[in-house]
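To be precise, the following lines are my_file-v2.cif, and they hold mmCIF, C-alpha atoms.
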```cif
data_model
#
loop_
_atom_site.label_atom_id
_atom_site.label_comp_id
_atom_site.auth_asym_id
_atom_site.auth_seq_id
_atom_site.Cartn_x
_atom_site.Cartn_y
_atom_site.Cartn_z
CA MET A 1 -24.37 91.51 -32.20
CA ALA A 2 -22.21 94.61 -32.43
CA LEU A 3 -20.24 93.45 -29.41
CA LEU A 4 -19.66 90.02 -30.93
CA GLY A 5 -18.59 91.65 -34.17
CA GLY A 6 -16.09 93.84 -32.33
CA ARG A 7 -14.70 90.85 -30.46
CA ALA A 8 -14.36 88.91 -33.70
CA GLU A 9 -12.49 91.79 -35.28
CA ARG A 10 -10.10 91.95 -32.32
CA GLU A 11 -9.45 88.22 -32.54
CA ASN A 12 -8.49 88.62 -36.19
CA VAL A 13 -5.97 91.40 -35.58
CA ARG A 14 -2.39 90.33 -36.39
CA ALA A 15 0.93 91.90 -35.46
CA LEU A 16 4.30 91.41 -37.16
CA VAL A 17 7.19 92.36 -34.86
CA PHE A 18 10.81 92.42 -36.01
CA ASN A 19 13.37 91.50 -33.36
CA THR A 20 16.46 93.56 -34.22
CA LYS A 21 18.64 93.32 -31.10
CA GLY A 22 19.79 90.10 -29.44
CA GLU A 23 17.04 87.57 -28.85
CA ASP A 24 15.11 89.76 -26.41
CA LEU A 25 11.71 89.68 -28.11
CA LEU A 26 11.83 85.91 -28.49
CA HIS A 27 10.74 85.69 -24.84
CA ILE A 28 7.60 87.85 -24.73
CA ASP A 29 5.49 84.72 -24.36
CA ARG A 30 7.13 84.13 -20.95
CA PRO A 31 6.38 85.90 -17.66
CA ASN A 32 8.80 88.55 -16.44
CA SER A 33 10.40 87.21 -13.27
CA GLU A 34 10.88 90.77 -11.94
CA PHE A 35 7.26 91.82 -12.38
CA PRO A 36 5.90 90.42 -9.07
CA GLY A 37 8.47 92.47 -7.14
CA ARG A 38 7.53 95.77 -8.76
CA PRO A 39 5.15 97.66 -6.45
CA GLY A 40 2.17 99.16 -8.24
CA ALA A 41 2.98 97.61 -11.62
CA ARG A 42 -0.09 95.36 -11.67
CA ALA A 43 -2.37 98.25 -10.68
CA GLN A 44 -0.95 100.41 -13.47
CA TRP A 45 -1.82 97.78 -16.07
CA ARG A 46 -5.30 97.38 -14.61
CA ALA A 47 -5.80 101.14 -14.91
CA LEU A 48 -5.14 100.70 -18.64
CA GLY A 49 -7.87 98.07 -18.87
CA ILE A 50 -5.58 95.00 -18.62
CA GLY A 51 -7.22 93.02 -15.83
CA ASP A 52 -4.73 90.16 -15.81
CA PRO A 53 -1.34 91.43 -17.02
CA GLY A 54 1.02 88.70 -18.14
CA PRO A 55 2.98 87.38 -21.10
CA PHE A 56 1.58 87.39 -24.64
CA ARG A 57 -0.47 84.24 -25.17
CA SER A 58 -0.96 83.84 -28.93
CA VAL A 59 2.64 84.02 -30.15
CA ARG A 60 4.61 82.39 -32.95
CA LEU A 61 8.39 82.84 -33.04
CA TYR A 62 10.56 82.78 -36.16
CA ALA A 63 14.31 82.80 -36.77
CA PRO A 64 16.55 82.24 -39.80
CA ARG A 65 17.70 78.67 -40.25
CA ARG A 66 21.09 77.89 -38.76
CA PRO A 67 23.91 78.47 -41.29
CA GLY A 68 25.76 75.38 -42.42
CA VAL A 69 23.01 73.02 -41.25
CA SER A 70 20.76 71.21 -43.69
CA GLY A 71 17.01 71.20 -43.15
CA THR A 72 15.08 73.84 -41.26
CA VAL A 73 16.74 74.13 -37.85
CA PRO A 74 16.31 77.71 -36.52
CA GLY A 75 19.46 79.50 -35.44
CA VAL A 76 18.63 80.47 -31.84
CA LYS A 77 20.64 80.23 -28.62
CA SER A 78 18.37 81.34 -25.78
CA ARG A 79 15.35 79.19 -26.73
CA ASP A 80 14.76 75.57 -27.52
CA THR A 81 14.68 75.10 -31.29
CA ALA A 82 11.33 73.31 -30.90
CA ASP A 83 9.78 76.62 -29.78
CA VAL A 84 10.95 78.54 -32.86
CA HIS A 85 10.15 78.14 -36.56
CA ALA A 86 12.76 78.61 -39.27
CA TYR A 87 11.66 80.99 -42.00
CA GLY A 88 12.77 81.63 -45.56
CA TRP A 89 11.63 81.43 -49.16
CA ALA A 90 11.69 78.61 -51.68
CA PRO A 91 13.22 79.53 -55.08
CA GLU A 92 9.81 79.50 -56.80
CA GLN A 93 8.36 81.97 -54.31
CA PHE A 94 11.52 84.09 -54.44
CA ILE A 95 11.03 84.51 -58.20
CA ARG A 96 7.23 84.73 -58.38
CA ASP A 97 7.03 87.27 -55.53
CA GLN A 98 9.76 89.31 -57.29
CA LEU A 99 11.90 89.42 -54.15
CA LEU A 100 15.09 90.01 -56.13
CA GLN A 101 14.36 93.75 -55.83
CA PHE A 102 14.96 93.58 -52.07
CA CYS A 103 18.49 92.28 -52.69
CA PHE A 104 19.29 95.73 -54.07
CA THR A 105 18.26 98.22 -51.40
CA SER A 106 21.30 100.47 -50.99
CA GLU A 107 21.60 103.89 -52.62
CA ASP A 108 24.55 102.73 -54.73
CA ASP A 109 22.36 100.05 -56.33
CA ARG A 110 19.81 102.63 -57.50
CA SER A 111 22.11 105.47 -58.54
CA THR A 112 23.59 103.35 -61.35
CA GLN A 113 22.21 101.02 -64.03
CA VAL A 114 22.53 98.10 -61.61
CA GLY A 115 18.94 98.82 -60.58
CA PHE A 116 17.83 98.68 -64.20
CA ILE A 117 19.47 95.25 -64.62
CA GLU A 118 17.63 93.99 -61.54
CA GLN A 119 14.28 95.01 -63.03
CA GLN A 120 15.10 93.46 -66.42
CA PHE A 121 16.45 90.26 -64.84
CA ARG A 122 13.42 89.95 -62.56
CA ILE A 123 11.00 89.99 -65.51
CA GLN A 124 13.05 87.50 -67.52
CA LEU A 125 13.13 85.10 -64.57
CA LEU A 126 9.33 85.12 -64.53
CA ARG A 127 9.16 84.52 -68.29
CA HIS A 128 11.57 81.56 -68.19
CA LEU A 129 10.33 80.04 -64.90
CA ARG A 130 9.15 76.43 -64.73
CA ARG A 131 8.74 74.01 -61.81
CA LEU A 132 11.15 71.10 -61.45
CA GLU A 133 9.28 67.89 -62.12
CA GLY A 134 9.77 65.43 -59.27
CA GLY A 135 12.12 67.81 -57.46
CA ALA A 136 12.20 69.17 -53.93
CA SER A 137 9.47 71.54 -52.81
CA GLY A 138 9.97 74.93 -54.44
CA ALA A 139 12.77 73.90 -56.85
CA VAL A 140 12.57 75.49 -60.29
CA VAL A 141 14.02 75.29 -63.79
CA ILE A 142 14.97 78.36 -65.83
CA LEU A 143 14.44 77.56 -69.50
CA PRO A 144 17.02 78.72 -72.08
CA THR A 145 14.29 79.98 -74.44
CA VAL A 146 10.56 80.75 -74.28
CA PRO A 147 7.89 81.37 -76.94
CA GLU A 148 8.04 84.86 -78.46
CA ASP A 149 4.48 85.66 -77.39
CA THR A 150 5.29 85.22 -73.68
CA SER A 151 4.09 88.26 -71.74
CA PHE A 152 6.41 90.88 -70.26
CA ASP A 153 3.85 91.91 -67.62
CA PRO A 154 5.41 90.86 -64.26
CA ASP A 155 2.11 90.77 -62.36
CA ARG A 156 0.45 88.57 -64.99
CA LEU A 157 3.48 86.29 -65.13
CA ALA A 158 3.65 86.01 -61.33
CA ALA A 159 -0.02 85.04 -61.08
CA LYS A 160 0.32 82.21 -63.61
CA GLU A 161 1.08 78.71 -62.26
CA PRO A 162 4.35 77.49 -63.84
CA GLU A 163 4.39 74.23 -65.79
CA ALA A 164 6.55 71.34 -64.59
CA VAL A 165 9.54 70.25 -66.69
CA ARG A 166 12.41 67.83 -66.24
CA ALA A 167 15.78 68.87 -64.93
CA GLY A 168 17.44 68.60 -68.34
CA ALA A 169 15.20 71.30 -69.80
CA GLY A 170 17.23 74.14 -68.32
CA HIS A 171 19.15 75.45 -65.31
CA VAL A 172 17.95 73.97 -62.00
CA ILE A 173 17.73 76.34 -59.01
CA GLU A 174 17.32 74.82 -55.54
CA ASP A 175 18.93 77.54 -53.41
CA PHE A 176 20.42 81.03 -53.60
CA GLY A 177 23.81 79.66 -54.60
CA ASP A 178 22.26 78.05 -57.69
CA PHE A 179 20.63 81.37 -58.53
CA VAL A 180 23.96 83.22 -58.31
CA ASP A 181 25.63 80.54 -60.46
CA PHE A 182 22.91 80.98 -63.08
CA THR A 183 23.37 84.77 -63.05
CA GLU A 184 27.13 84.41 -63.46
CA LYS A 185 26.60 82.04 -66.38
CA MET A 186 24.24 84.49 -68.10
CA ALA A 187 26.51 87.50 -67.47
CA ASN A 188 29.49 85.77 -69.13
CA ARG A 189 27.71 84.55 -72.27
CA ASP A 190 28.96 85.55 -75.72
CA ASP A 191 25.43 85.65 -77.16
CA ASP A 192 24.60 89.35 -77.66
CA GLU A 193 20.87 88.69 -78.06
CA ALA A 194 20.71 86.76 -74.77
CA LEU A 195 22.74 89.46 -72.99
CA LYS A 196 20.39 92.16 -74.27
CA ALA A 197 17.32 90.16 -73.21
CA TRP A 198 18.54 89.61 -69.66
CA PHE A 199 20.68 92.71 -69.03
CA GLY A 200 19.40 95.28 -71.52
CA ARG A 201 21.90 97.45 -73.36
CA THR A 202 24.24 97.74 -70.36
CA GLN A 203 28.00 97.55 -70.58
CA SER A 204 30.13 94.68 -69.35
CA GLY A 205 31.32 96.69 -66.33
CA THR A 206 27.73 97.28 -65.19
CA ARG A 207 26.89 93.59 -65.60
CA GLN A 208 29.93 92.67 -63.52
CA ALA A 209 28.94 95.17 -60.82
CA TYR A 210 25.51 93.54 -60.66
CA LEU A 211 27.11 90.11 -60.42
CA ARG A 212 29.55 91.23 -57.71
CA ARG A 213 26.60 92.43 -55.66
CA LEU A 214 24.95 89.00 -55.84
CA LEU A 215 28.21 87.19 -55.13
CA ARG A 216 28.59 89.29 -51.96
CA LEU A 217 25.03 88.42 -50.94
CA ARG A 218 25.53 84.67 -51.37
CA LYS A 219 26.81 84.29 -47.81
CA HIS A 220 24.33 86.69 -46.22
CA ILE A 221 21.08 85.75 -47.96
CA GLY A 222 21.96 82.12 -48.75
CA PRO A 223 20.37 80.63 -45.58
CA LEU A 224 17.09 82.44 -46.39
CA ILE A 225 16.53 80.87 -49.83
CA GLY A 226 16.12 77.12 -50.26
CA CYS A 227 13.74 74.29 -51.00
CA GLY A 228 11.26 73.50 -48.24
CA LEU A 229 11.54 76.92 -46.57
CA LYS A 230 8.39 78.92 -45.88
CA PRO A 231 7.96 82.61 -45.02
CA VAL A 232 6.13 83.97 -41.99
CA SER A 233 2.42 83.23 -42.09
CA SER A 234 -0.28 85.33 -40.43
CA GLU A 235 -2.14 82.15 -39.45
CA ASN A 236 -1.93 80.12 -36.22
CA ALA A 237 -1.20 83.11 -33.94
CA ARG A 238 -2.02 86.78 -33.43
CA LEU A 239 1.53 87.94 -32.70
CA HIS A 240 4.44 86.93 -34.93
CA VAL A 241 7.98 87.76 -33.82
CA VAL A 242 10.61 87.54 -36.56
CA ASP A 243 14.24 87.49 -35.45
CA ILE A 244 16.63 89.33 -37.79
CA SER A 245 19.22 90.25 -35.15
CA THR A 246 21.84 87.74 -36.35
CA LEU A 247 21.57 88.69 -40.01
CA HIS A 248 23.85 90.99 -41.97
CA ASP A 249 22.39 94.45 -42.75
CA ASP A 250 21.76 93.43 -46.37
CA ALA A 251 19.89 90.32 -45.25
CA GLN A 252 17.91 92.32 -42.67
CA ARG A 253 16.71 94.70 -45.38
CA PHE A 254 15.85 91.75 -47.60
CA VAL A 255 13.72 90.09 -44.90
CA VAL A 256 11.95 93.29 -43.86
CA GLY A 257 11.23 94.22 -47.47
CA SER A 258 10.03 90.76 -48.46
CA LEU A 259 7.69 90.34 -45.47
CA LEU A 260 6.29 93.87 -45.65
CA ASP A 261 5.71 93.48 -49.37
CA GLY A 262 3.71 90.32 -48.66
CA VAL A 263 1.60 92.06 -46.01
CA TRP A 264 1.01 95.05 -48.28
CA ARG A 265 -0.05 92.94 -51.27
CA GLU A 266 -2.37 90.90 -49.06
CA LYS A 267 -4.09 93.98 -47.63
CA GLN A 268 -4.52 95.59 -51.03
CA GLY A 269 -6.57 92.55 -52.00
CA THR A 270 -8.58 92.09 -48.78
CA GLY A 271 -9.40 95.60 -47.60
CA ARG A 272 -9.04 97.40 -44.29
CA LEU A 273 -10.15 94.63 -41.94
CA PRO A 274 -8.68 92.72 -40.26
CA LEU A 275 -5.98 95.10 -39.05
CA ARG A 276 -2.29 94.33 -39.44
CA PHE A 277 0.27 95.96 -37.13
CA VAL A 278 3.95 96.12 -38.07
CA VAL A 279 6.54 96.95 -35.38
CA LEU A 280 9.99 97.90 -36.67
CA ASP A 281 12.96 99.39 -34.84
CA GLU A 282 15.92 101.23 -36.42
CA LEU A 283 13.80 102.84 -39.13
CA ASN A 284 16.76 104.77 -40.55
CA LYS A 285 18.23 101.50 -41.81
CA TYR A 286 15.16 100.70 -43.91
CA ALA A 287 13.78 104.16 -44.74
CA PRO A 288 16.70 106.61 -44.59
CA ALA A 289 16.10 110.33 -44.87
CA LYS A 290 17.76 110.53 -48.29
CA GLY A 291 18.09 108.28 -51.32
CA TYR A 292 15.85 105.74 -53.01
CA SER A 293 15.29 101.99 -52.70
CA PRO A 294 12.29 99.65 -53.12
CA LEU A 295 12.18 99.13 -49.35
CA ARG A 296 12.25 102.84 -48.56
CA GLU A 297 9.47 103.54 -51.04
CA LEU A 298 7.42 100.63 -49.67
CA LEU A 299 7.64 102.02 -46.12
CA VAL A 300 6.75 105.51 -47.34
CA ASP A 301 3.74 104.04 -49.15
CA ILE A 302 2.64 102.22 -46.00
CA ALA A 303 3.05 105.41 -43.94
CA GLU A 304 0.98 107.42 -46.42
CA ARG A 305 -1.77 104.91 -47.29
CA GLY A 306 -1.50 102.22 -44.62
CA ARG A 307 -4.28 103.39 -42.32
CA SER A 308 -6.80 103.33 -45.16
CA LEU A 309 -5.89 99.70 -45.90
CA GLY A 310 -5.60 98.52 -42.29
CA VAL A 311 -1.79 98.31 -42.09
CA LEU A 312 -0.52 100.27 -39.07
CA LEU A 313 3.21 100.90 -38.84
CA VAL A 314 4.75 101.30 -35.36
CA GLY A 315 8.28 102.50 -35.94
CA ALA A 316 11.10 103.47 -33.61
CA GLN A 317 14.33 105.39 -34.15
CA GLN A 318 16.72 107.24 -31.85
CA ALA A 319 17.26 110.07 -34.32
CA ALA A 320 14.08 111.15 -36.10
CA SER A 321 16.07 113.32 -38.51
CA ALA A 322 17.67 110.17 -39.98
CA VAL A 323 14.30 108.78 -41.16
CA ALA A 324 12.44 109.58 -44.39
CA PRO A 325 10.36 112.69 -43.52
CA ALA A 326 7.13 111.09 -44.82
CA LEU A 327 7.10 108.56 -41.96
CA PRO A 328 6.95 110.91 -38.93
CA ARG A 329 4.88 113.39 -40.95
CA ASN A 330 2.13 110.82 -41.53
CA ALA A 331 2.18 109.41 -37.98
CA SER A 332 -1.02 110.18 -36.07
CA LEU A 333 0.62 109.21 -32.77
CA LYS A 334 4.10 110.42 -31.86
CA VAL A 335 5.92 109.30 -28.71
CA ALA A 336 9.22 110.88 -27.71
CA GLY A 337 11.52 109.82 -24.92
CA ARG A 338 14.71 111.54 -23.83
CA LEU A 339 15.91 113.75 -26.70
CA ASP A 340 19.36 114.71 -27.81
CA ALA A 341 19.64 118.49 -27.95
CA SER A 342 20.82 118.33 -31.58
CA GLU A 343 17.53 116.61 -32.55
CA ALA A 344 15.26 119.42 -31.38
CA ASP A 345 14.27 120.53 -34.91
CA ALA A 346 12.86 117.08 -35.69
CA TYR A 347 10.37 117.36 -32.79
CA ARG A 348 8.50 120.55 -33.61
CA PHE A 349 5.25 118.94 -32.48
CA LEU A 350 6.53 119.70 -28.96
CA SER A 351 6.70 123.18 -27.52
CA SER A 352 10.16 124.69 -27.14
CA ALA A 353 9.90 124.41 -23.35
CA LEU A 354 8.90 120.75 -23.52
CA ARG A 355 11.70 119.99 -26.00
CA GLU A 356 14.14 121.47 -23.53
CA ARG A 357 12.67 119.42 -20.67
CA ALA A 358 12.74 116.26 -22.79
CA SER A 359 16.52 116.46 -23.00
CA ARG A 360 16.53 115.67 -19.24
CA PHE A 361 13.85 112.97 -19.12
CA MET A 362 14.50 109.99 -16.86
CA PRO A 363 14.46 106.51 -18.44
CA GLY A 364 10.87 105.37 -19.02
CA THR A 365 9.46 108.89 -19.17
CA MET A 366 7.91 109.85 -22.51
CA VAL A 367 5.64 112.45 -24.02
CA LEU A 368 2.73 111.56 -26.31
CA SER A 369 1.34 113.72 -29.11
CA GLN A 370 -1.99 112.67 -30.60
CA PRO A 371 -4.90 114.33 -32.44
CA ILE A 372 -7.58 114.31 -29.72
CA VAL A 373 -5.90 116.37 -26.99
CA PRO A 374 -4.18 119.47 -28.46
CA GLU A 375 -1.27 119.39 -26.00
CA PRO A 376 1.44 116.69 -25.64
CA ILE A 377 0.81 114.40 -22.67
CA PRO A 378 3.68 113.19 -20.41
CA LEU A 379 3.49 109.49 -19.54
CA ARG A 380 5.43 106.60 -18.07
CA PHE A 381 5.16 103.12 -19.52
CA PRO A 382 4.26 100.46 -16.90
CA PHE A 383 6.82 97.81 -16.09
CA PRO A 384 6.19 94.90 -18.51
CA PRO A 385 4.70 91.66 -17.16
CA TYR A 386 6.30 89.74 -20.06
CA ALA A 387 10.01 88.95 -20.34
CA THR A 388 11.92 91.56 -22.34
CA ASN A 389 15.24 89.67 -22.41
CA PRO A 390 16.53 86.13 -21.80
CA ASP A 391 17.67 86.91 -18.25
CA GLU A 392 14.18 87.83 -17.07
CA ALA A 393 12.79 84.64 -18.61
CA GLU A 394 15.61 82.42 -17.37
CA ALA A 395 15.17 83.58 -13.77
CA ASP A 396 11.54 82.54 -13.94
CA GLU A 397 12.46 79.22 -15.54
CA ALA A 398 15.11 78.58 -12.89
CA ARG A 399 12.56 79.11 -10.14
CA ASP A 400 10.12 76.71 -11.85
CA ARG A 401 12.89 74.18 -12.38
CA LYS A 402 13.88 74.38 -8.71
CA ARG A 403 10.24 73.92 -7.71
CA ARG A 404 9.92 70.87 -9.98
CA ASP A 405 13.17 69.39 -8.61
CA THR A 406 11.92 69.86 -5.04
CA ILE A 407 8.62 68.15 -5.83
CA MET A 408 10.40 65.24 -7.52
CA ALA A 409 12.78 64.89 -4.58
CA ASN A 410 9.86 64.77 -2.14
CA LEU A 411 8.03 62.19 -4.25
CA THR A 412 11.17 60.07 -4.47
CA ALA A 413 11.66 60.25 -0.72
CA MET A 414 8.02 59.26 -0.06
CA SER A 415 8.22 56.27 -2.40
CA ALA A 416 11.59 54.98 -1.12
CA PRO A 417 11.42 51.78 1.01
CA ARG A 418 11.72 52.31 4.76
CA VAL A 419 14.13 50.30 6.90
CA GLU A 420 12.89 49.48 10.43
CA LEU A 421 15.62 49.18 13.12
#
```
Render the structure in this file as structure tokens.
Amino acid sequence: MALLGGRAERENVRALVFNTKGEDLLHIDRPNSEFPGRPGARAQWRALGIGDPGPFRSVRLYAPRRPGVSGTVPGVKSRDTADVHAYGWAPEQFIRDQLLQFCFTSEDDRSTQVGFIEQQFRIQLLRHLRRLEGGASGAVVILPTVPEDTSFDPDRLAAKEPEAVRAGAGHVIEDFGDFVDFTEKMANRDDDEALKAWFGRTQSGTRQAYLRRLLRLRKHIGPLIGCGLKPVSSENARLHVVDISTLHDDAQRFVVGSLLDGVWREKQGTGRLPLRFVVLDELNKYAPAKGYSPLRELLVDIAERGRSLGVLLVGAQQAASAVAPALPRNASLKVAGRLDASEADAYRFLSSALRERASRFMPGTMVLSQPIVPEPIPLRFPFPPYATNPDEAEADEARDRKRRDTIMANLTAMSAPRVEL
């Protein structure tokens, strides 16, 4: 029974992997065409307990929808669009999940009162939110007024199912452009009471700075917000690869923050099991060493409390000194590859001699620090049996295509009529 329970737990493990460079990770469900020619690679994987090394089997791929195209066509080049799911958020979910905070993730947004406006605006959106009766999936209406006894508690408001009203009852929002138009309308009103309710006691210049930020984001985040769009789901597969490589930095931070916030809220309600792994490269972009933002604080919270709730963060960064100190400090496993000499102070878990050696490591050589063995352990990662870029996958596909063409040619030749002379 214990064995079955362990197997069941493993089957329920989920991993969320962010693809940050090219479309490389969108091919990990395909075999690596170079793997068969690598001597000893299969034996190395078997030594790690992988009896049949190959591509990942339970995989679901996601990409942002293609800009300028209606519907939910994913914007990918190296894969058939039928293999990839477009992701995003409907306006209702954008407001109820309070994702507006992840539109303001730079230090400039939090060092001024722009951050205060975002918090005030986010709560008022929840108070005035209603569903659009008979509208597209996820479309909403923002009412001009609400009853005075409406709560100001964002969590209580977010949990409440909105009523449905007709389009004429208020401002209709069907995409991010509609949301920006609504914000601009509210920022330019002459009604002092309405301005104070939505923007607090901020000055006109601060309100305009907030609006300029949203206007700049219209192009970058626009494809991610719209009716009919759905975010990444942990169902249907064990490994979920989310492509953010084509997005602007602001949009990348928005996606990472929104998805991690969803995972974190889910785990706080369900407990430690099943485990959720999150794999994120370029950590300095999302959790920089200095400053404050909702995304940075979320990642710090995951690093500090994640293991107790079953959320395990696997982060990567070329310069450890550029990342919020709480992340490497709370990591139970640390893996270092070739080090830049200027980064030596950030790797004090290595001896001085090993830090010096690490500056001359060959590609693929790493050193592992973990709590069981008191000394760092040198290691080399086996050559992957799954494709790590489109070229490795395309070579395999080309070989399969050639094999299929040969079979079809032979079948055609066998079925062709013969002429006796």
Pull the closest atom pair for each residue of segment 40-139 of chain A that gets at most 7 Å from segment 163-182 of chain A, along with the distance in Å to one decimal, counting only C-alpha atoms, ordering rows by chain and then ascending residue number, as a tab-separated table.
```
residue	atom	partner	partner_atom	distance
A:Pro91	CA	A:Glu174	CA	6.3
A:Arg130	CA	A:Glu163	CA	5.3
A:Arg131	CA	A:Ala164	CA	4.4
A:Leu132	CA	A:Val165	CA	5.5
A:Glu133	CA	A:Ala164	CA	5.0
A:Ala139	CA	A:Glu174	CA	4.8
```
Give me a file of those residues, with C-alpha atoms, as a short mmCIF file (atom, residue, chain, number, x, y, z; two decimals), in the frame of the given file.
```cif
data_model
loop_
_atom_site.label_atom_id
_atom_site.label_comp_id
_atom_site.auth_asym_id
_atom_site.auth_seq_id
_atom_site.Cartn_x
_atom_site.Cartn_y
_atom_site.Cartn_z
CA PRO A 91 13.22 79.53 -55.08
CA ARG A 130 9.15 76.43 -64.73
CA ARG A 131 8.74 74.01 -61.81
CA LEU A 132 11.15 71.10 -61.45
CA GLU A 133 9.28 67.89 -62.12
CA ALA A 139 12.77 73.90 -56.85
#
```
Tell me, as a PyMOL selection string, which residues lie within 12 Å of Trp45 of chain A, counting only C-alpha atoms; anything in the same chain fewer than 4 positions away does not count.
-> chain A and resi 35+39-41+49-54+380-385
Selection above as a file: C-alpha atoms, as a PDB file, in the frame of the given file:
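Once written, part-v8.pdb looks like this:
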```pdb
ATOM      1  CA  PHE A  35       7.260  91.820 -12.380  1.00  0.00           C
ATOM      2  CA  PRO A  39       5.150  97.660  -6.450  1.00  0.00           C
ATOM      3  CA  GLY A  40       2.170  99.160  -8.240  1.00  0.00           C
ATOM      4  CA  ALA A  41       2.980  97.610 -11.620  1.00  0.00           C
ATOM      5  CA  GLY A  49      -7.870  98.070 -18.870  1.00  0.00           C
ATOM      6  CA  ILE A  50      -5.580  95.000 -18.620  1.00  0.00           C
ATOM      7  CA  GLY A  51      -7.220  93.020 -15.830  1.00  0.00           C
ATOM      8  CA  ASP A  52      -4.730  90.160 -15.810  1.00  0.00           C
ATOM      9  CA  PRO A  53      -1.340  91.430 -17.020  1.00  0.00           C
ATOM     10  CA  GLY A  54       1.020  88.700 -18.140  1.00  0.00           C
ATOM     11  CA  ARG A 380       5.430 106.600 -18.070  1.00  0.00           C
ATOM     12  CA  PHE A 381       5.160 103.120 -19.520  1.00  0.00           C
ATOM     13  CA  PRO A 382       4.260 100.460 -16.900  1.00  0.00           C
ATOM     14  CA  PHE A 383       6.820  97.810 -16.090  1.00  0.00           C
ATOM     15  CA  PRO A 384       6.190  94.900 -18.510  1.00  0.00           C
ATOM     16  CA  PRO A 385       4.700  91.660 -17.160  1.00  0.00           C
TER      17      PRO A 385
END
```
Work out how far apart atom CA of Ser33 of chain A and atom CA of Ala82 of chain A are and give it in Å to one decimal.
->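 Separation of atom CA of Ser33 of chain A and atom CA of Ala82 of chain A: 22.5 Å.
This file, queried with the PyMOL selection byres ((chain A and resi 237) around 9), gives the residues Arg14, Arg57, Ser58, Val59, Arg60, Ser233, Ser234, Glu235, Asn236, Arg238, Leu239 and His240 of chain A.
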Given the PyMOL selection byres ((chain A and resi 218) around 12), the residues it picks as a count of residues only = 27
When the PyMOL selection byres ((chain A and resi 145) around 10) is applied to the file above, which residues end up in the set, as a short mmCIF file (atom, residue, chain, number, x, y, z; two decimals) with C-alpha atoms, keeping the file's coordinate frame?
```
data_model
loop_
_atom_site.label_atom_id
_atom_site.label_comp_id
_atom_site.auth_asym_id
_atom_site.auth_seq_id
_atom_site.Cartn_x
_atom_site.Cartn_y
_atom_site.Cartn_z
CA ARG A 127 9.16 84.52 -68.29
CA HIS A 128 11.57 81.56 -68.19
CA ILE A 142 14.97 78.36 -65.83
CA LEU A 143 14.44 77.56 -69.50
CA PRO A 144 17.02 78.72 -72.08
CA VAL A 146 10.56 80.75 -74.28
CA PRO A 147 7.89 81.37 -76.94
CA GLU A 148 8.04 84.86 -78.46
CA ALA A 169 15.20 71.30 -69.80
CA GLY A 170 17.23 74.14 -68.32
CA ALA A 194 20.71 86.76 -74.77
#
```
What's the 6 Å shell around segment 322-336 of chain A, counting only C-alpha atoms, without same-chain residues fewer than 6 positions away, as number ranges by chain?
-> A: 284, 287-289, 303, 366-370
Can you spit out the residues from that selection as a PDB file, keeping the file's coordinate frame, using C-alpha atoms?
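The file below, again_12.pdb, is the result:
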```pdb
ATOM      1  CA  ASN A 284      16.760 104.770 -40.550  1.00  0.00           C
ATOM      2  CA  ALA A 287      13.780 104.160 -44.740  1.00  0.00           C
ATOM      3  CA  PRO A 288      16.700 106.610 -44.590  1.00  0.00           C
ATOM      4  CA  ALA A 289      16.100 110.330 -44.870  1.00  0.00           C
ATOM      5  CA  ALA A 303       3.050 105.410 -43.940  1.00  0.00           C
ATOM      6  CA  MET A 366       7.910 109.850 -22.510  1.00  0.00           C
ATOM      7  CA  VAL A 367       5.640 112.450 -24.020  1.00  0.00           C
ATOM      8  CA  LEU A 368       2.730 111.560 -26.310  1.00  0.00           C
ATOM      9  CA  SER A 369       1.340 113.720 -29.110  1.00  0.00           C
ATOM     10  CA  GLN A 370      -1.990 112.670 -30.600  1.00  0.00           C
TER      11      GLN A 370
END
```
Atom-to-atom span, atom CA of Gly71 of chain A and atom CA of Trp264 of chain A, Å =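 Between these atoms lies a distance of 29.2 Å.
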Provide the atom CA of Leu26 of chain A to atom CA of Tyr62 of chain A distance in Å, to one decimal place.
->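 Going from atom CA of Leu26 of chain A over to atom CA of Tyr62 of chain A, I get 8.4 Å.
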List the residues sitting within 9 Å of (5.9, 91.4, -23.2) in the file's frame, using all atoms listed in the file, as a PyMOL selection string.
-> chain A and resi 25+27-32+54-56+384-388
Which residue of A:Gly306, A:Gln98, A:Glu193, A:Gly68 approaches Leu157 of chain A most closely, using only C-alpha atoms = A:Gln98
Leaving out Leu313 of chain A and any residue of its chain fewer than 3 positions from it, which residues lie within 12 Å of it when counting all atoms listed in the file, given as a PyMOL selection string?
-> chain A and resi 15-18+260+263-264+275-281+283+298-307+309-310+316+327-328+330-334
Which protein, DNA or RNA residues are at most 10 Å from (6.3, 86.5, -54.8) in the file's coordinates when you count all atoms listed in the file, listed as a PyMOL selection string?
-> chain A and resi 89+91-100+155+158-159+258+261-262+265
Produce the centre coordinates and the three edge lengths, each in Å to one decimal, of the box along x, y and z that contains all listed atoms of segment 370-375 of chain A with 4 Å added on each side, as AutoDock Vina command-line options.
```
--center_x -4.4 --center_y 116.1 --center_z -29.2 --size_x 14.3 --size_y 14.8 --size_z 14.4
```
Taking into account all atoms listed in the file, which residue in the set A:Leu259, A:Leu129, A:Phe121, A:Pro162 is nearest to Trp198 of chain A?
-> A:Phe121
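Nearest residue to Ala197 of chain A, choosing from A:Thr246, A:Ala319, A:Ala353, A:Ile123 and counting only C-alpha atoms: A:Ile123.
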Close residues, Ser245 of chain A itself excluded, 7 Å, only C-alpha atoms, min 5 positions apart in chain, as a PyMOL selection string | chain A and resi 19-22
